[in-house]
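I have placed the structure first, in the form of structure tokens, so that the comments after it can refer back to it.
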Amino acid sequence: MSQFFSNVEPNVIDDELVQKAIEEKCPEDLGDIARQENINVKVVTELQLSFKSILKIDNLWPLENLTKLQLDNNFIEKIGGLESLVHLVWLDLSFNNIEVIEGLDTLVKLQDLSLYSNRISKIEHMDTLQELQIFSIGKNNLTILEDVVYLRRLKKLQTLNLSGNPFCSTEHYTLFVVAHLPSLVYLDFKLVRHSTVRFLHSLTGKSSYILQSLCFVALGAGSLQKSGSQKHTTAFVEYLNGSLLYDSLYAEDREVAILASLPAVEDLLQAYPSWFDLLSENLYNYGLEEYEKREAEVSKFYKRFHEILTVNQQESKRIISDFESRNQRRLDELYQAGSGDIADSKRAQGKEDIHQLWDALMTLEALVSNDLEELLQDFKRSIDVIASTFIETIQGIYPFHSIHCRDLENEQHEKLIEIVIATMKKMEEEEFEEDLEDDLPGDVRRLLEDKNTIVNAINVPHNIRLQKIDKRESDMLCNIYKW
């Protein structure tokens with residue numbers, strides 16, 4: 001039962017209850033008329049049925065022009081019987097025993113809905129409430145913070161109260177809600193600070209996807225240890241460990257596989273992978289080192305971020321606690337003084353103390369805002385250095401200088417062409433050993449019959465491999481830019 005009632009018989013909404021509520025709503029000079037004549041319920045736009053021990057919503061269908069309905073502080077267990085009240089703008093169902101949000105589909109004009117202090121465990125079945133601007137669902141049984149994301153579909157929602165739900169104790173609760181509902185003006189009876197919104201957007205470049213990801217990280221999703229391919233992807237070094245990159249380049253090269261039966265080509269294909277793999281391994285190890293640096297920088301940022309907020313909260317609590325102690329003593333002195341100059345003096349002191357409290361808290365807010373802004377700027381500078389260093393190093397190692405992927409591929413390609421052309425010359429000049437020539441597979445002989453054919457057959461996959469190498473570099477650079 002509702003917390004305001006005990007040992008009270010449940011009531012039902014009947015004509016008498018409605019009529020009495022309408023009469024109570026009438027002005028005093030119209031009271032007699034209302035009691036003498038049966039009021040036309042179609043002209044009634046507001047109805048208050050608070051504290052009536054109502055168990056079930058029923059018999060309201062004649063009041064089809066209602067715009068405001070108060071059913072707070074009753075025994076209601078289920079939302080229903082409201083289908084005909086399509087003009088409702090304001091509905092109060094707070095302090096009841098409701099467990100499920102339902103029965104609101106036809107209330108498409110609803111702007112203000114209160115379900116405060118019920119037993120609701122999930123936010124749902126509100127898709128049609130596109131005009132809703134104010135929603136109170138505090139002090140219920142909401143435990144999964146991610147359920148708040150459901151409210152994103154309510155585009156006009158500006159005021160939201162969630163206070164008193166179990167998930168409100170979750171770390172970064174406010175940041176999560178503000179991040180997912182950027183149109184909010186008030187959250188839990190407090191103005192959503194523009195500085196909070198700016199702070200979130202400055203971290204994410206106003207990308208809603210990254211914004212949500214950031215908040216999931218703040219909630220702890222990011223603390224999960226990454227391993228295997230997931231870590232490689234996050235470090236931008238996937239397919240660089242071992243021989244994966246080289247193997248992927250030559251996996252579908254049929255011509256090279258055919259020519260591998262030539263002794264010189266076989267030696268070439270055995271020599272170059274080790275160089276290629278060594279370079280890939282260097283890139284792989286470097287990428288992992290840079291990943292650890294980035295993770296450490298982000299971790300340091302959040303650590304300092306929590307420290308700033310914690311110090312601010314502790315100092316705020318101390319200031320408020322001191323104020324409450326002084327105020328309690330002053331109230332005791334006022335009570336003893338009764339009236340007169342001493343009482344007036346104490347009241348004046350109280351007003352001045354309130355102003356000082358306000359100034360102190362506003363000063364703290366300004367300080368924490370400045371600290372966070374400075375922290376953010378330092379974080380940006382550190383990230384810029386890490387990202388630019390990564391980019392410069394990748395562009396230096398891969399693929400333009402010294403022995404790098406593109407150079408290795410070009411060199412291998414040139415040597416392959418040389419070997420093939422030399423082999424063809426020997427065959428033409430009959431310098432090729434007969435035994436060896438007889439051992440050549442038919443598909444190799446067919447490739448070697450025409451110079452243009454063999455060159456084209458080798459050039460096409462070579463160009464494809466170069467494109468893959470360029471794409472691998474491009475992917476790494478694009479990923480660090482995005483990050």
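For the structure tokens, the naming scheme is as follows: chains receive sequential letters (A, B, ...) according to their order of presentation, residues are indexed from 1 within each chain, and ligands are indexed from 1 in presentation order.
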Compile the contact shell of region 84-86 of chain A as a PDB file with all heavy atoms, in the first residue's frame: residues with an atom at most 12 Å away, counting only C-alpha atoms, same-chain residues fewer than 3 positions apart removed.
ATOM      1  N   LYS A  42     -18.604  17.141 -19.348  1.00  0.00           N
ATOM      2  CA  LYS A  42     -17.844  17.406 -20.567  1.00  0.00           C
ATOM      3  C   LYS A  42     -17.126  18.751 -20.531  1.00  0.00           C
ATOM      4  O   LYS A  42     -16.218  19.002 -21.321  1.00  0.00           O
ATOM      5  CB  LYS A  42     -18.762  17.336 -21.789  1.00  0.00           C
ATOM      6  CG  LYS A  42     -19.292  15.926 -22.066  1.00  0.00           C
ATOM      7  CD  LYS A  42     -20.016  15.866 -23.389  1.00  0.00           C
ATOM      8  CE  LYS A  42     -20.589  14.476 -23.644  1.00  0.00           C
ATOM      9  NZ  LYS A  42     -19.527  13.465 -23.725  1.00  0.00           N
ATOM     10  N   VAL A  44     -15.604  19.808 -17.790  1.00  0.00           N
ATOM     11  CA  VAL A  44     -14.568  19.716 -16.764  1.00  0.00           C
ATOM     12  C   VAL A  44     -13.215  19.448 -17.425  1.00  0.00           C
ATOM     13  O   VAL A  44     -13.062  18.511 -18.218  1.00  0.00           O
ATOM     14  CB  VAL A  44     -14.893  18.581 -15.764  1.00  0.00           C
ATOM     15  CG1 VAL A  44     -13.770  18.441 -14.735  1.00  0.00           C
ATOM     16  CG2 VAL A  44     -16.216  18.853 -15.078  1.00  0.00           C
ATOM     17  N   THR A  45     -12.231  20.267 -17.105  1.00  0.00           N
ATOM     18  CA  THR A  45     -10.891  20.109 -17.696  1.00  0.00           C
ATOM     19  C   THR A  45      -9.852  19.693 -16.662  1.00  0.00           C
ATOM     20  O   THR A  45      -8.768  19.237 -17.043  1.00  0.00           O
ATOM     21  CB  THR A  45     -10.431  21.420 -18.359  1.00  0.00           C
ATOM     22  OG1 THR A  45     -10.436  22.464 -17.379  1.00  0.00           O
ATOM     23  CG2 THR A  45     -11.362  21.781 -19.517  1.00  0.00           C
ATOM     24  N   GLU A  46     -10.177  19.863 -15.373  1.00  0.00           N
ATOM     25  CA  GLU A  46      -9.218  19.483 -14.338  1.00  0.00           C
ATOM     26  C   GLU A  46      -9.925  18.673 -13.258  1.00  0.00           C
ATOM     27  O   GLU A  46     -11.058  18.977 -12.873  1.00  0.00           O
ATOM     28  CB  GLU A  46      -8.567  20.721 -13.714  1.00  0.00           C
ATOM     29  CG  GLU A  46      -7.748  21.545 -14.691  1.00  0.00           C
ATOM     30  CD  GLU A  46      -7.050  22.720 -14.007  1.00  0.00           C
ATOM     31  OE1 GLU A  46      -7.040  22.765 -12.761  1.00  0.00           O
ATOM     32  OE2 GLU A  46      -6.514  23.591 -14.711  1.00  0.00           O
ATOM     33  N   LEU A  47      -9.223  17.647 -12.768  1.00  0.00           N
ATOM     34  CA  LEU A  47      -9.822  16.788 -11.738  1.00  0.00           C
ATOM     35  C   LEU A  47      -8.732  16.334 -10.769  1.00  0.00           C
ATOM     36  O   LEU A  47      -7.682  15.835 -11.177  1.00  0.00           O
ATOM     37  CB  LEU A  47     -10.481  15.565 -12.376  1.00  0.00           C
ATOM     38  CG  LEU A  47     -11.262  14.646 -11.420  1.00  0.00           C
ATOM     39  CD1 LEU A  47     -12.470  15.377 -10.839  1.00  0.00           C
ATOM     40  CD2 LEU A  47     -11.713  13.380 -12.144  1.00  0.00           C
ATOM     41  N   ASP A  58     -10.827   3.888 -13.047  1.00  0.00           N
ATOM     42  CA  ASP A  58     -12.003   3.413 -13.782  1.00  0.00           C
ATOM     43  C   ASP A  58     -13.031   4.527 -13.855  1.00  0.00           C
ATOM     44  O   ASP A  58     -12.970   5.516 -13.108  1.00  0.00           O
ATOM     45  CB  ASP A  58     -12.581   2.185 -13.077  1.00  0.00           C
ATOM     46  CG  ASP A  58     -13.414   1.321 -14.013  1.00  0.00           C
ATOM     47  OD1 ASP A  58     -13.537   1.678 -15.198  1.00  0.00           O
ATOM     48  OD2 ASP A  58     -13.927   0.279 -13.560  1.00  0.00           O
ATOM     49  N   ASN A  59     -13.991   4.371 -14.771  1.00  0.00           N
ATOM     50  CA  ASN A  59     -15.152   5.263 -14.867  1.00  0.00           C
ATOM     51  C   ASN A  59     -14.785   6.729 -15.117  1.00  0.00           C
ATOM     52  O   ASN A  59     -15.508   7.644 -14.690  1.00  0.00           O
ATOM     53  CB  ASN A  59     -16.007   5.165 -13.596  1.00  0.00           C
ATOM     54  CG  ASN A  59     -16.576   3.772 -13.390  1.00  0.00           C
ATOM     55  OD1 ASN A  59     -17.031   3.132 -14.336  1.00  0.00           O
ATOM     56  ND2 ASN A  59     -16.502   3.286 -12.160  1.00  0.00           N
ATOM     57  N   LEU A  60     -13.689   6.967 -15.830  1.00  0.00           N
ATOM     58  CA  LEU A  60     -13.326   8.348 -16.154  1.00  0.00           C
ATOM     59  C   LEU A  60     -13.650   8.701 -17.597  1.00  0.00           C
ATOM     60  O   LEU A  60     -13.432   9.822 -18.033  1.00  0.00           O
ATOM     61  CB  LEU A  60     -11.816   8.562 -15.908  1.00  0.00           C
ATOM     62  CG  LEU A  60     -11.355   8.527 -14.450  1.00  0.00           C
ATOM     63  CD1 LEU A  60      -9.829   8.658 -14.381  1.00  0.00           C
ATOM     64  CD2 LEU A  60     -12.011   9.637 -13.630  1.00  0.00           C
ATOM     65  N   TRP A  61     -14.180   7.737 -18.333  1.00  0.00           N
ATOM     66  CA  TRP A  61     -14.424   7.956 -19.757  1.00  0.00           C
ATOM     67  C   TRP A  61     -15.347   9.131 -20.072  1.00  0.00           C
ATOM     68  O   TRP A  61     -15.183   9.777 -21.120  1.00  0.00           O
ATOM     69  CB  TRP A  61     -14.961   6.672 -20.402  1.00  0.00           C
ATOM     70  CG  TRP A  61     -16.242   6.168 -19.806  1.00  0.00           C
ATOM     71  CD1 TRP A  61     -16.377   5.263 -18.806  1.00  0.00           C
ATOM     72  CD2 TRP A  61     -17.573   6.549 -20.174  1.00  0.00           C
ATOM     73  NE1 TRP A  61     -17.693   5.031 -18.505  1.00  0.00           N
ATOM     74  CE2 TRP A  61     -18.457   5.814 -19.345  1.00  0.00           C
ATOM     75  CE3 TRP A  61     -18.111   7.412 -21.124  1.00  0.00           C
ATOM     76  CZ2 TRP A  61     -19.847   5.937 -19.420  1.00  0.00           C
ATOM     77  CZ3 TRP A  61     -19.496   7.550 -21.210  1.00  0.00           C
ATOM     78  CH2 TRP A  61     -20.341   6.808 -20.356  1.00  0.00           C
ATOM     79  N   PRO A  62     -16.329   9.497 -19.198  1.00  0.00           N
ATOM     80  CA  PRO A  62     -17.167  10.658 -19.557  1.00  0.00           C
ATOM     81  C   PRO A  62     -16.395  11.976 -19.551  1.00  0.00           C
ATOM     82  O   PRO A  62     -16.794  12.942 -20.201  1.00  0.00           O
ATOM     83  CB  PRO A  62     -18.250  10.658 -18.469  1.00  0.00           C
ATOM     84  CG  PRO A  62     -18.248   9.271 -17.905  1.00  0.00           C
ATOM     85  CD  PRO A  62     -16.825   8.847 -17.952  1.00  0.00           C
ATOM     86  N   LEU A  63     -15.266  12.015 -18.818  1.00  0.00           N
ATOM     87  CA  LEU A  63     -14.505  13.259 -18.690  1.00  0.00           C
ATOM     88  C   LEU A  63     -13.534  13.404 -19.865  1.00  0.00           C
ATOM     89  O   LEU A  63     -12.327  13.552 -19.688  1.00  0.00           O
ATOM     90  CB  LEU A  63     -13.744  13.257 -17.362  1.00  0.00           C
ATOM     91  CG  LEU A  63     -14.625  13.102 -16.117  1.00  0.00           C
ATOM     92  CD1 LEU A  63     -13.808  12.687 -14.919  1.00  0.00           C
ATOM     93  CD2 LEU A  63     -15.338  14.415 -15.837  1.00  0.00           C
ATOM     94  N   GLU A  64     -14.092  13.388 -21.048  1.00  0.00           N
ATOM     95  CA  GLU A  64     -13.260  13.290 -22.249  1.00  0.00           C
ATOM     96  C   GLU A  64     -12.446  14.538 -22.547  1.00  0.00           C
ATOM     97  O   GLU A  64     -11.505  14.508 -23.345  1.00  0.00           O
ATOM     98  CB  GLU A  64     -14.144  12.967 -23.463  1.00  0.00           C
ATOM     99  CG  GLU A  64     -15.237  13.990 -23.704  1.00  0.00           C
ATOM    100  CD  GLU A  64     -16.221  13.546 -24.771  1.00  0.00           C
ATOM    101  OE1 GLU A  64     -16.608  12.358 -24.761  1.00  0.00           O
ATOM    102  OE2 GLU A  64     -16.583  14.384 -25.613  1.00  0.00           O
ATOM    103  N   ASN A  65     -12.764  15.663 -21.887  1.00  0.00           N
ATOM    104  CA  ASN A  65     -12.032  16.903 -22.144  1.00  0.00           C
ATOM    105  C   ASN A  65     -11.037  17.258 -21.036  1.00  0.00           C
ATOM    106  O   ASN A  65     -10.526  18.383 -20.987  1.00  0.00           O
ATOM    107  CB  ASN A  65     -13.007  18.069 -22.341  1.00  0.00           C
ATOM    108  CG  ASN A  65     -13.783  17.941 -23.642  1.00  0.00           C
ATOM    109  OD1 ASN A  65     -13.200  17.673 -24.687  1.00  0.00           O
ATOM    110  ND2 ASN A  65     -15.098  18.109 -23.576  1.00  0.00           N
ATOM    111  N   LEU A  66     -10.775  16.303 -20.178  1.00  0.00           N
ATOM    112  CA  LEU A  66      -9.796  16.545 -19.119  1.00  0.00           C
ATOM    113  C   LEU A  66      -8.432  16.872 -19.716  1.00  0.00           C
ATOM    114  O   LEU A  66      -7.965  16.207 -20.644  1.00  0.00           O
ATOM    115  CB  LEU A  66      -9.650  15.310 -18.228  1.00  0.00           C
ATOM    116  CG  LEU A  66     -10.584  15.136 -17.029  1.00  0.00           C
ATOM    117  CD1 LEU A  66     -10.149  13.933 -16.211  1.00  0.00           C
ATOM    118  CD2 LEU A  66     -10.612  16.383 -16.149  1.00  0.00           C
ATOM    119  N   THR A  67      -7.792  17.887 -19.156  1.00  0.00           N
ATOM    120  CA  THR A  67      -6.413  18.201 -19.546  1.00  0.00           C
ATOM    121  C   THR A  67      -5.455  17.981 -18.374  1.00  0.00           C
ATOM    122  O   THR A  67      -4.251  17.834 -18.589  1.00  0.00           O
ATOM    123  CB  THR A  67      -6.291  19.660 -20.019  1.00  0.00           C
ATOM    124  OG1 THR A  67      -6.708  20.532 -18.956  1.00  0.00           O
ATOM    125  CG2 THR A  67      -7.149  19.898 -21.254  1.00  0.00           C
ATOM    126  N   LYS A  68      -5.990  17.956 -17.163  1.00  0.00           N
ATOM    127  CA  LYS A  68      -5.152  17.785 -15.978  1.00  0.00           C
ATOM    128  C   LYS A  68      -5.827  16.809 -15.026  1.00  0.00           C
ATOM    129  O   LYS A  68      -6.991  16.983 -14.667  1.00  0.00           O
ATOM    130  CB  LYS A  68      -4.921  19.126 -15.284  1.00  0.00           C
ATOM    131  CG  LYS A  68      -4.029  19.031 -14.052  1.00  0.00           C
ATOM    132  CD  LYS A  68      -3.763  20.428 -13.470  1.00  0.00           C
ATOM    133  CE  LYS A  68      -2.859  20.344 -12.249  1.00  0.00           C
ATOM    134  NZ  LYS A  68      -2.575  21.695 -11.682  1.00  0.00           N
ATOM    135  N   LEU A  69      -5.071  15.755 -14.622  1.00  0.00           N
ATOM    136  CA  LEU A  69      -5.628  14.727 -13.747  1.00  0.00           C
ATOM    137  C   LEU A  69      -4.621  14.374 -12.656  1.00  0.00           C
ATOM    138  O   LEU A  69      -3.480  14.010 -12.930  1.00  0.00           O
ATOM    139  CB  LEU A  69      -5.966  13.473 -14.556  1.00  0.00           C
ATOM    140  CG  LEU A  69      -6.480  12.261 -13.773  1.00  0.00           C
ATOM    141  CD1 LEU A  69      -7.763  12.592 -13.014  1.00  0.00           C
ATOM    142  CD2 LEU A  69      -6.700  11.071 -14.702  1.00  0.00           C
ATOM    143  N   GLY A  80      -4.374   2.177 -16.189  1.00  0.00           N
ATOM    144  CA  GLY A  80      -5.400   1.761 -17.139  1.00  0.00           C
ATOM    145  C   GLY A  80      -6.586   2.712 -17.053  1.00  0.00           C
ATOM    146  O   GLY A  80      -6.632   3.611 -16.213  1.00  0.00           O
ATOM    147  N   GLY A  81      -7.566   2.495 -17.919  1.00  0.00           N
ATOM    148  CA  GLY A  81      -8.776   3.303 -17.859  1.00  0.00           C
ATOM    149  C   GLY A  81      -8.598   4.743 -18.296  1.00  0.00           C
ATOM    150  O   GLY A  81      -9.441   5.595 -18.009  1.00  0.00           O
ATOM    151  N   VAL A  89      -2.924  16.727 -20.712  1.00  0.00           N
ATOM    152  CA  VAL A  89      -1.623  17.374 -20.857  1.00  0.00           C
ATOM    153  C   VAL A  89      -0.773  17.114 -19.609  1.00  0.00           C
ATOM    154  O   VAL A  89       0.451  17.052 -19.681  1.00  0.00           O
ATOM    155  CB  VAL A  89      -1.804  18.898 -21.071  1.00  0.00           C
ATOM    156  CG1 VAL A  89      -0.455  19.612 -21.089  1.00  0.00           C
ATOM    157  CG2 VAL A  89      -2.555  19.157 -22.371  1.00  0.00           C
ATOM    158  N   TRP A  90      -1.435  16.915 -18.482  1.00  0.00           N
ATOM    159  CA  TRP A  90      -0.757  16.807 -17.180  1.00  0.00           C
ATOM    160  C   TRP A  90      -1.358  15.619 -16.428  1.00  0.00           C
ATOM    161  O   TRP A  90      -2.562  15.529 -16.234  1.00  0.00           O
ATOM    162  CB  TRP A  90      -1.000  18.107 -16.422  1.00  0.00           C
ATOM    163  CG  TRP A  90      -0.153  18.407 -15.231  1.00  0.00           C
ATOM    164  CD1 TRP A  90       0.972  19.162 -15.189  1.00  0.00           C
ATOM    165  CD2 TRP A  90      -0.413  18.013 -13.875  1.00  0.00           C
ATOM    166  NE1 TRP A  90       1.446  19.242 -13.907  1.00  0.00           N
ATOM    167  CE2 TRP A  90       0.618  18.558 -13.075  1.00  0.00           C
ATOM    168  CE3 TRP A  90      -1.402  17.241 -13.261  1.00  0.00           C
ATOM    169  CZ2 TRP A  90       0.681  18.352 -11.707  1.00  0.00           C
ATOM    170  CZ3 TRP A  90      -1.327  17.038 -11.890  1.00  0.00           C
ATOM    171  CH2 TRP A  90      -0.302  17.590 -11.124  1.00  0.00           C
ATOM    172  N   LEU A  91      -0.485  14.674 -16.009  1.00  0.00           N
ATOM    173  CA  LEU A  91      -0.959  13.478 -15.315  1.00  0.00           C
ATOM    174  C   LEU A  91      -0.024  13.166 -14.153  1.00  0.00           C
ATOM    175  O   LEU A  91       1.185  13.014 -14.324  1.00  0.00           O
ATOM    176  CB  LEU A  91      -1.002  12.278 -16.267  1.00  0.00           C
ATOM    177  CG  LEU A  91      -1.369  10.917 -15.648  1.00  0.00           C
ATOM    178  CD1 LEU A  91      -2.775  10.953 -15.045  1.00  0.00           C
ATOM    179  CD2 LEU A  91      -1.276   9.807 -16.696  1.00  0.00           C
ATOM    180  N   GLY A 103      -0.526   1.536 -20.664  1.00  0.00           N
ATOM    181  CA  GLY A 103      -1.816   2.205 -20.734  1.00  0.00           C
ATOM    182  C   GLY A 103      -1.761   3.688 -21.050  1.00  0.00           C
ATOM    183  O   GLY A 103      -2.715   4.420 -20.780  1.00  0.00           O
ATOM    184  N   LEU A 104      -0.650   4.148 -21.654  1.00  0.00           N
ATOM    185  CA  LEU A 104      -0.512   5.577 -21.952  1.00  0.00           C
ATOM    186  C   LEU A 104      -0.515   5.864 -23.449  1.00  0.00           C
ATOM    187  O   LEU A 104      -0.331   7.010 -23.865  1.00  0.00           O
ATOM    188  CB  LEU A 104       0.806   6.103 -21.350  1.00  0.00           C
ATOM    189  CG  LEU A 104       0.986   5.936 -19.836  1.00  0.00           C
ATOM    190  CD1 LEU A 104       2.404   6.337 -19.438  1.00  0.00           C
ATOM    191  CD2 LEU A 104      -0.030   6.776 -19.065  1.00  0.00           C
ATOM    192  N   ASP A 105      -0.733   4.845 -24.265  1.00  0.00           N
ATOM    193  CA  ASP A 105      -0.555   4.970 -25.714  1.00  0.00           C
ATOM    194  C   ASP A 105      -1.394   6.070 -26.352  1.00  0.00           C
ATOM    195  O   ASP A 105      -0.953   6.721 -27.296  1.00  0.00           O
ATOM    196  CB  ASP A 105      -0.874   3.639 -26.399  1.00  0.00           C
ATOM    197  CG  ASP A 105       0.124   2.557 -26.025  1.00  0.00           C
ATOM    198  OD1 ASP A 105       1.169   2.908 -25.452  1.00  0.00           O
ATOM    199  OD2 ASP A 105      -0.145   1.376 -26.298  1.00  0.00           O
ATOM    200  N   THR A 106      -2.612   6.294 -25.859  1.00  0.00           N
ATOM    201  CA  THR A 106      -3.503   7.271 -26.496  1.00  0.00           C
ATOM    202  C   THR A 106      -3.275   8.695 -25.997  1.00  0.00           C
ATOM    203  O   THR A 106      -3.848   9.637 -26.545  1.00  0.00           O
ATOM    204  CB  THR A 106      -4.973   6.896 -26.251  1.00  0.00           C
ATOM    205  OG1 THR A 106      -5.241   6.915 -24.844  1.00  0.00           O
ATOM    206  CG2 THR A 106      -5.274   5.511 -26.800  1.00  0.00           C
ATOM    207  N   LEU A 107      -2.454   8.868 -24.997  1.00  0.00           N
ATOM    208  CA  LEU A 107      -2.267  10.197 -24.394  1.00  0.00           C
ATOM    209  C   LEU A 107      -1.176  10.966 -25.142  1.00  0.00           C
ATOM    210  O   LEU A 107      -0.165  11.390 -24.574  1.00  0.00           O
ATOM    211  CB  LEU A 107      -1.906  10.056 -22.911  1.00  0.00           C
ATOM    212  CG  LEU A 107      -2.833   9.168 -22.073  1.00  0.00           C
ATOM    213  CD1 LEU A 107      -2.455   9.238 -20.603  1.00  0.00           C
ATOM    214  CD2 LEU A 107      -4.295   9.565 -22.266  1.00  0.00           C
ATOM    215  N   VAL A 108      -1.401  11.169 -26.413  1.00  0.00           N
ATOM    216  CA  VAL A 108      -0.361  11.728 -27.291  1.00  0.00           C
ATOM    217  C   VAL A 108      -0.098  13.212 -27.032  1.00  0.00           C
ATOM    218  O   VAL A 108       0.900  13.754 -27.516  1.00  0.00           O
ATOM    219  CB  VAL A 108      -0.740  11.509 -28.764  1.00  0.00           C
ATOM    220  CG1 VAL A 108      -0.763  10.024 -29.099  1.00  0.00           C
ATOM    221  CG2 VAL A 108      -2.096  12.151 -29.078  1.00  0.00           C
ATOM    222  N   LYS A 109      -0.967  13.884 -26.282  1.00  0.00           N
ATOM    223  CA  LYS A 109      -0.771  15.299 -25.980  1.00  0.00           C
ATOM    224  C   LYS A 109      -0.091  15.526 -24.627  1.00  0.00           C
ATOM    225  O   LYS A 109       0.161  16.672 -24.243  1.00  0.00           O
ATOM    226  CB  LYS A 109      -2.112  16.041 -26.006  1.00  0.00           C
ATOM    227  CG  LYS A 109      -2.784  16.090 -27.369  1.00  0.00           C
ATOM    228  CD  LYS A 109      -4.058  16.916 -27.324  1.00  0.00           C
ATOM    229  CE  LYS A 109      -4.725  16.987 -28.701  1.00  0.00           C
ATOM    230  NZ  LYS A 109      -5.963  17.800 -28.675  1.00  0.00           N
ATOM    231  N   LEU A 110       0.206  14.456 -23.945  1.00  0.00           N
ATOM    232  CA  LEU A 110       0.764  14.560 -22.596  1.00  0.00           C
ATOM    233  C   LEU A 110       2.100  15.285 -22.609  1.00  0.00           C
ATOM    234  O   LEU A 110       3.008  14.942 -23.361  1.00  0.00           O
ATOM    235  CB  LEU A 110       0.937  13.150 -22.006  1.00  0.00           C
ATOM    236  CG  LEU A 110       0.977  13.046 -20.475  1.00  0.00           C
ATOM    237  CD1 LEU A 110      -0.332  13.551 -19.876  1.00  0.00           C
ATOM    238  CD2 LEU A 110       1.235  11.608 -20.053  1.00  0.00           C
ATOM    239  N   THR A 128       4.646   6.752 -27.843  1.00  0.00           N
ATOM    240  CA  THR A 128       3.680   7.699 -28.414  1.00  0.00           C
ATOM    241  C   THR A 128       3.685   9.054 -27.701  1.00  0.00           C
ATOM    242  O   THR A 128       3.051   9.991 -28.164  1.00  0.00           O
ATOM    243  CB  THR A 128       2.251   7.122 -28.347  1.00  0.00           C
ATOM    244  OG1 THR A 128       1.891   6.888 -26.979  1.00  0.00           O
ATOM    245  CG2 THR A 128       2.168   5.814 -29.117  1.00  0.00           C
ATOM    246  N   LEU A 129       4.412   9.172 -26.621  1.00  0.00           N
ATOM    247  CA  LEU A 129       4.390  10.413 -25.824  1.00  0.00           C
ATOM    248  C   LEU A 129       5.408  11.418 -26.372  1.00  0.00           C
ATOM    249  O   LEU A 129       6.294  11.895 -25.652  1.00  0.00           O
ATOM    250  CB  LEU A 129       4.671  10.103 -24.353  1.00  0.00           C
ATOM    251  CG  LEU A 129       3.793   9.023 -23.698  1.00  0.00           C
ATOM    252  CD1 LEU A 129       4.092   8.930 -22.211  1.00  0.00           C
ATOM    253  CD2 LEU A 129       2.312   9.325 -23.925  1.00  0.00           C
TER     254      LEU A 129
END
DSSP strand (DSSP E) residues within region 54-177 of chain A, as a compact mmCIF listing (two decimals) with C-alpha atoms, in the first residue's frame:
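Contents of result-v9.txt, freshly written:
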# COMPACT_ATOMS: atom_id res chain seq x y z
CA ILE A 54 -8.23 4.56 -5.03
CA LEU A 55 -7.18 1.04 -6.00
CA LYS A 56 -8.12 1.06 -9.69
CA LYS A 68 -5.15 17.78 -15.98
CA LEU A 69 -5.63 14.73 -13.75
CA GLN A 70 -4.21 14.16 -10.26
CA TRP A 90 -0.76 16.81 -17.18
CA LEU A 91 -0.96 13.48 -15.32
CA ASP A 92 0.16 12.79 -11.75
CA ASP A 112 3.94 16.43 -17.91
CA LEU A 113 3.95 12.93 -16.38
CA SER A 114 4.80 12.02 -12.79
CA ILE A 134 8.56 16.82 -18.04
CA PHE A 135 8.95 13.29 -16.68
CA SER A 136 9.39 12.30 -13.04
CA THR A 159 13.05 18.04 -17.41
CA LEU A 160 13.76 14.62 -15.91
CA ASN A 161 13.77 13.36 -12.34
Worksheet item: Of the candidates A:Glu333, A:Glu365, A:Asp353, A:Asp127, which one gets nearest to Glu315 (chain A) if we count only C-alpha atoms?
Response: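 Closest candidate: A:Glu365.
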Discussion item. Which residues are near Asn327 (chain A)? Cut-off 12 Å, only C-alpha atoms, ignore same chain within fewer than 3 positions. Put them as a list in words.
Written reply: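 The residues that qualify are Ile320, Ser321, Asp322, Phe323, Glu324, Arg330, Leu331, Asp332, Glu333, Leu334, Lys346, Arg347, Ala348, Gln349, Gly350, Lys351, Glu352, Asp353, Ile354 and Leu357 of chain A.
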Worksheet item: Which is closer to Leu279 (chain A) than all the others in A:Glu418, A:Asp407, A:Asp14, A:Glu102, using only C-alpha atoms?
Response: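 Once distances to Leu279 (chain A) are computed over only C-alpha atoms, the minimum belongs to A:Asp407.
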Worksheet item: What is the distance, in Å and to one decimal place, between CA of Ile144 (chain A) and CA of Phe305 (chain A)?
Response: 24.2 Å
Fill in: For Glu290 (chain A), the nearest of the candidates A:Thr310, A:Gln377, A:Gln336, A:Thr393, counting only C-alpha atoms
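The answer is A:Thr393, which sits nearest to Glu290 (chain A).
Separating CA of Lys468 (chain A) from CA of Glu411 (chain A) is a distance of 16.4 Å.
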Fill in: Given only C-alpha atoms as the counted atoms, nearest of A:Leu175, A:Ser388, A:Val100, A:His180 to Leu142 (chain A)
A:Val100
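With only C-alpha atoms as the atoms that count, the residue of A:Glu9, A:Asp188, A:Glu374, A:Glu124 with the shortest distance to Leu151 (chain A) is A:Glu124.
You can rank A:Lys317, A:Lys380, A:Lys415, A:His172 by their closest distance to Leu364 (chain A) using only C-alpha atoms, and at the top of that list sits A:Lys317.
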